[in-house]
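J.: Following this message is one structure expressed as structure tokens.
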Amino acid sequence: MKTLAFGAFALTVLTAGAASAQTPQQQITHGAPVPGVCVLNLEGVIRTSTAGQGVATRMQALQQEVATELAPYQTAIEQEDAALLQAGASLPADQRQQRAQALQARYSEYQQLGQTRERELQYTASLQQRALFTAADPIIASIYQSRNCSILLDRSNVYLTNPGMDISEAVLQQLNSQVPSLPNFNRTPVPVQQQQ
């Protein structure tokens, strides 16, 4: 199952949008739709669906919660580092070494906590993305059959296509109608077997 990296994907979309805005749009004349060949922009459907937008909004909120959780640790470490630098040579060597070791230990704990939270966010995003793809699967199958498709191509692998072969809008409309949102979710701990 595909997973989306929200930040990288959003950057790609923004970059592509800026590039297309700089070049004049050329009017393209398509040949006749090829019977039985359909095209789907699944990532675009998921991203623009109301459920997909809800997941993205909730993931941003979870990222902000993590940043808020980690901020006091970072502030305390920065303050202790500044105090240690300011004390400098006025501290006896053994006290300076003890404080430096304690600061290093706190920094290591902070880094480990940050990495744990990042893995949790990634795992949570993958679970939600999987739920979105699972919700879209029967809709895609239904439209595939109703349009008499023989093959369904991923739009990201097709440079141009006749819009009459694209089923993305139909999938998006049904997904928004049938699955307007996913259940509320929180950050999910990564199972132990997946951490290794």
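FYI, nothing fancy with the structure tokens labels: chains A, B, ... in order, residues from 1 per chain, ligands from 1 as they appear.
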List every residue of segment 36-92 of chain A that has an atom at most 10 Å from any atom of segment 149-170 of chain A, and for each one report the closest atom pair and its distance in Å to one decimal, counting only C-alpha atoms, with rows sorted by chain and then by increasing residue number, as JSON lines.

T.:
```
{"residue": "A:Gly36", "atom": "CA", "partner": "A:Cys149", "partner_atom": "CA", "distance": 4.1}
{"residue": "A:Val37", "atom": "CA", "partner": "A:Ile151", "partner_atom": "CA", "distance": 5.1}
{"residue": "A:Cys38", "atom": "CA", "partner": "A:Met165", "partner_atom": "CA", "distance": 4.7}
{"residue": "A:Val39", "atom": "CA", "partner": "A:Asp166", "partner_atom": "CA", "distance": 4.5}
{"residue": "A:Leu40", "atom": "CA", "partner": "A:Ser168", "partner_atom": "CA", "distance": 4.9}
{"residue": "A:Asn41", "atom": "CA", "partner": "A:Arg155", "partner_atom": "CA", "distance": 4.7}
{"residue": "A:Leu42", "atom": "CA", "partner": "A:Ser168", "partner_atom": "CA", "distance": 7.0}
{"residue": "A:Glu43", "atom": "CA", "partner": "A:Ser156", "partner_atom": "CA", "distance": 8.5}
{"residue": "A:Gly44", "atom": "CA", "partner": "A:Ser168", "partner_atom": "CA", "distance": 8.1}
{"residue": "A:Val45", "atom": "CA", "partner": "A:Ser168", "partner_atom": "CA", "distance": 6.4}
{"residue": "A:Ile46", "atom": "CA", "partner": "A:Ser168", "partner_atom": "CA", "distance": 9.9}
```

J.: Would you mind exporting the chosen residues as a PDB file, in the first residue's frame, restricted to N, CA and C atoms?

T.:
```pdb
ATOM      1  N   GLY A  36     -11.759   0.937 -22.504  1.00  0.00           N
ATOM      2  CA  GLY A  36     -11.238  -0.006 -21.523  1.00  0.00           C
ATOM      3  C   GLY A  36     -10.015   0.486 -20.765  1.00  0.00           C
ATOM      4  N   VAL A  37      -9.444   1.627 -21.153  1.00  0.00           N
ATOM      5  CA  VAL A  37      -8.276   2.159 -20.459  1.00  0.00           C
ATOM      6  C   VAL A  37      -8.723   3.340 -19.607  1.00  0.00           C
ATOM      7  N   CYS A  38      -8.467   3.234 -18.312  1.00  0.00           N
ATOM      8  CA  CYS A  38      -8.844   4.289 -17.384  1.00  0.00           C
ATOM      9  C   CYS A  38      -7.615   4.760 -16.624  1.00  0.00           C
ATOM     10  N   VAL A  39      -7.691   5.985 -16.127  1.00  0.00           N
ATOM     11  CA  VAL A  39      -6.576   6.604 -15.417  1.00  0.00           C
ATOM     12  C   VAL A  39      -7.103   7.142 -14.096  1.00  0.00           C
ATOM     13  N   LEU A  40      -6.278   7.032 -13.042  1.00  0.00           N
ATOM     14  CA  LEU A  40      -6.673   7.512 -11.719  1.00  0.00           C
ATOM     15  C   LEU A  40      -5.494   8.201 -11.049  1.00  0.00           C
ATOM     16  N   ASN A  41      -5.742   9.390 -10.520  1.00  0.00           N
ATOM     17  CA  ASN A  41      -4.757  10.105  -9.708  1.00  0.00           C
ATOM     18  C   ASN A  41      -5.135   9.849  -8.246  1.00  0.00           C
ATOM     19  N   LEU A  42      -4.758   8.690  -7.744  1.00  0.00           N
ATOM     20  CA  LEU A  42      -5.160   8.286  -6.400  1.00  0.00           C
ATOM     21  C   LEU A  42      -4.584   9.201  -5.328  1.00  0.00           C
ATOM     22  N   GLU A  43      -3.324   9.571  -5.448  1.00  0.00           N
ATOM     23  CA  GLU A  43      -2.724  10.462  -4.453  1.00  0.00           C
ATOM     24  C   GLU A  43      -3.443  11.805  -4.429  1.00  0.00           C
ATOM     25  N   GLY A  44      -3.789  12.318  -5.606  1.00  0.00           N
ATOM     26  CA  GLY A  44      -4.535  13.576  -5.680  1.00  0.00           C
ATOM     27  C   GLY A  44      -5.914  13.454  -5.077  1.00  0.00           C
ATOM     28  N   VAL A  45      -6.567  12.334  -5.328  1.00  0.00           N
ATOM     29  CA  VAL A  45      -7.898  12.097  -4.760  1.00  0.00           C
ATOM     30  C   VAL A  45      -7.822  12.069  -3.246  1.00  0.00           C
ATOM     31  N   ILE A  46      -6.879  11.311  -2.714  1.00  0.00           N
ATOM     32  CA  ILE A  46      -6.734  11.196  -1.259  1.00  0.00           C
ATOM     33  C   ILE A  46      -6.394  12.551  -0.649  1.00  0.00           C
TER      34      ILE A  46
END
```

J.: Quote the spacing between atom CA of Leu70 of chain A and atom CA of Arg99 of chain A in Å to one decimal place.

T.: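 Going from atom CA of Leu70 of chain A over to atom CA of Arg99 of chain A, I get 21.2 Å.
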
J.: DSSP on the backbone: what in segment 16-178 of chain A comes out strand (DSSP E or B), as a list in words?

T.: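 These are the residues in question: Val37, Cys38, Val39, Leu40, Ile151, Leu152, Leu153, Asp154 and Asp166 of chain A.
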
J.: Please return as a ChimeraX atom specification: the residues of chain A that backbone DSSP assigns to alpha helix (DSSP H).

T.: /A:6-22,42-48,50-87,93-146,168-178,192-195

J.: Restricting the calculation to only C-alpha atoms: of A:Gln27, A:Gln64, A:Thr75, A:Ser142, which residue gets closest to Arg106 of chain A?

T.: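 Looking only at the distances to Arg106 of chain A, the closest residue turns out to be A:Thr75.
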
J.: Quick one, how far is atom CA of Ile77 of chain A from atom CA of Gln101 of chain A?

T.: 12.1 Å

J.: What's the separation between atom CA of Asn176 of chain A and atom CA of Asn148 of chain A, in Å to one decimal place?

T.: 22.6 Å

J.: Using only C-alpha atoms for the distances, tell me which of A:Ala67, A:Leu182, A:Leu91, A:Leu85 is nearest to Phe133 of chain A.

T.: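 The answer is A:Leu182, which sits nearest to Phe133 of chain A.
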
J.: Might you pull out every residue within 9 Å of segment 113-120 of chain A, with only C-alpha atoms counted and same-chain residues fewer than 4 positions away left off, and present them as a ChimeraX atom specification?

T.: /A:63,66-67,70,108-109,124-125,187-190,195

J.: Take the residues that were just selected and, keeping N, CA, C and O atoms, output them as a PDB file, in the first residue's frame.

T.:
```pdb
ATOM      1  N   GLN A  63       1.767  17.193  15.206  1.00  0.00           N
ATOM      2  CA  GLN A  63       3.141  17.689  15.101  1.00  0.00           C
ATOM      3  C   GLN A  63       3.349  18.884  16.023  1.00  0.00           C
ATOM      4  O   GLN A  63       4.399  19.009  16.660  1.00  0.00           O
ATOM      5  N   VAL A  66       3.748  17.670  19.586  1.00  0.00           N
ATOM      6  CA  VAL A  66       5.101  17.147  19.819  1.00  0.00           C
ATOM      7  C   VAL A  66       6.083  18.306  19.996  1.00  0.00           C
ATOM      8  O   VAL A  66       6.921  18.290  20.905  1.00  0.00           O
ATOM      9  N   ALA A  67       5.974  19.318  19.146  1.00  0.00           N
ATOM     10  CA  ALA A  67       6.868  20.475  19.264  1.00  0.00           C
ATOM     11  C   ALA A  67       6.693  21.153  20.620  1.00  0.00           C
ATOM     12  O   ALA A  67       7.678  21.546  21.259  1.00  0.00           O
ATOM     13  N   LEU A  70       8.364  19.013  23.316  1.00  0.00           N
ATOM     14  CA  LEU A  70       9.826  19.016  23.282  1.00  0.00           C
ATOM     15  C   LEU A  70      10.440  20.377  23.616  1.00  0.00           C
ATOM     16  O   LEU A  70      11.605  20.441  24.036  1.00  0.00           O
ATOM     17  N   SER A 108      21.035  13.777  25.056  1.00  0.00           N
ATOM     18  CA  SER A 108      20.791  12.451  24.463  1.00  0.00           C
ATOM     19  C   SER A 108      19.355  12.000  24.708  1.00  0.00           C
ATOM     20  O   SER A 108      18.701  11.458  23.809  1.00  0.00           O
ATOM     21  N   GLU A 109      18.845  12.232  25.927  1.00  0.00           N
ATOM     22  CA  GLU A 109      17.460  11.885  26.242  1.00  0.00           C
ATOM     23  C   GLU A 109      16.496  12.682  25.370  1.00  0.00           C
ATOM     24  O   GLU A 109      15.508  12.148  24.858  1.00  0.00           O
ATOM     25  N   THR A 124       1.653   6.842  12.761  1.00  0.00           N
ATOM     26  CA  THR A 124       0.270   7.303  12.803  1.00  0.00           C
ATOM     27  C   THR A 124      -0.186   7.727  11.414  1.00  0.00           C
ATOM     28  O   THR A 124      -1.283   7.367  10.974  1.00  0.00           O
ATOM     29  N   ALA A 125       0.647   8.484  10.709  1.00  0.00           N
ATOM     30  CA  ALA A 125       0.306   8.919   9.351  1.00  0.00           C
ATOM     31  C   ALA A 125       0.118   7.721   8.429  1.00  0.00           C
ATOM     32  O   ALA A 125      -0.832   7.685   7.638  1.00  0.00           O
ATOM     33  N   ARG A 187      -1.721  10.301  18.334  1.00  0.00           N
ATOM     34  CA  ARG A 187      -0.417   9.728  18.011  1.00  0.00           C
ATOM     35  C   ARG A 187      -0.396   8.284  18.491  1.00  0.00           C
ATOM     36  O   ARG A 187      -0.816   7.980  19.602  1.00  0.00           O
ATOM     37  N   THR A 188       0.087   7.390  17.647  1.00  0.00           N
ATOM     38  CA  THR A 188       0.080   5.966  17.952  1.00  0.00           C
ATOM     39  C   THR A 188       1.502   5.473  18.189  1.00  0.00           C
ATOM     40  O   THR A 188       2.373   5.686  17.343  1.00  0.00           O
ATOM     41  N   PRO A 189       1.742   4.823  19.336  1.00  0.00           N
ATOM     42  CA  PRO A 189       3.079   4.251  19.564  1.00  0.00           C
ATOM     43  C   PRO A 189       3.387   3.180  18.519  1.00  0.00           C
ATOM     44  O   PRO A 189       2.507   2.438  18.088  1.00  0.00           O
ATOM     45  N   VAL A 190       4.633   3.120  18.125  1.00  0.00           N
ATOM     46  CA  VAL A 190       5.064   2.126  17.151  1.00  0.00           C
ATOM     47  C   VAL A 190       5.177   0.787  17.861  1.00  0.00           C
ATOM     48  O   VAL A 190       5.813   0.699  18.917  1.00  0.00           O
ATOM     49  N   GLN A 195       9.819  -1.466  15.551  1.00  0.00           N
ATOM     50  CA  GLN A 195      10.886  -0.552  15.923  1.00  0.00           C
ATOM     51  C   GLN A 195      12.255  -1.140  15.632  1.00  0.00           C
ATOM     52  O   GLN A 195      13.234  -0.424  15.503  1.00  0.00           O
TER      53      GLN A 195
END
```
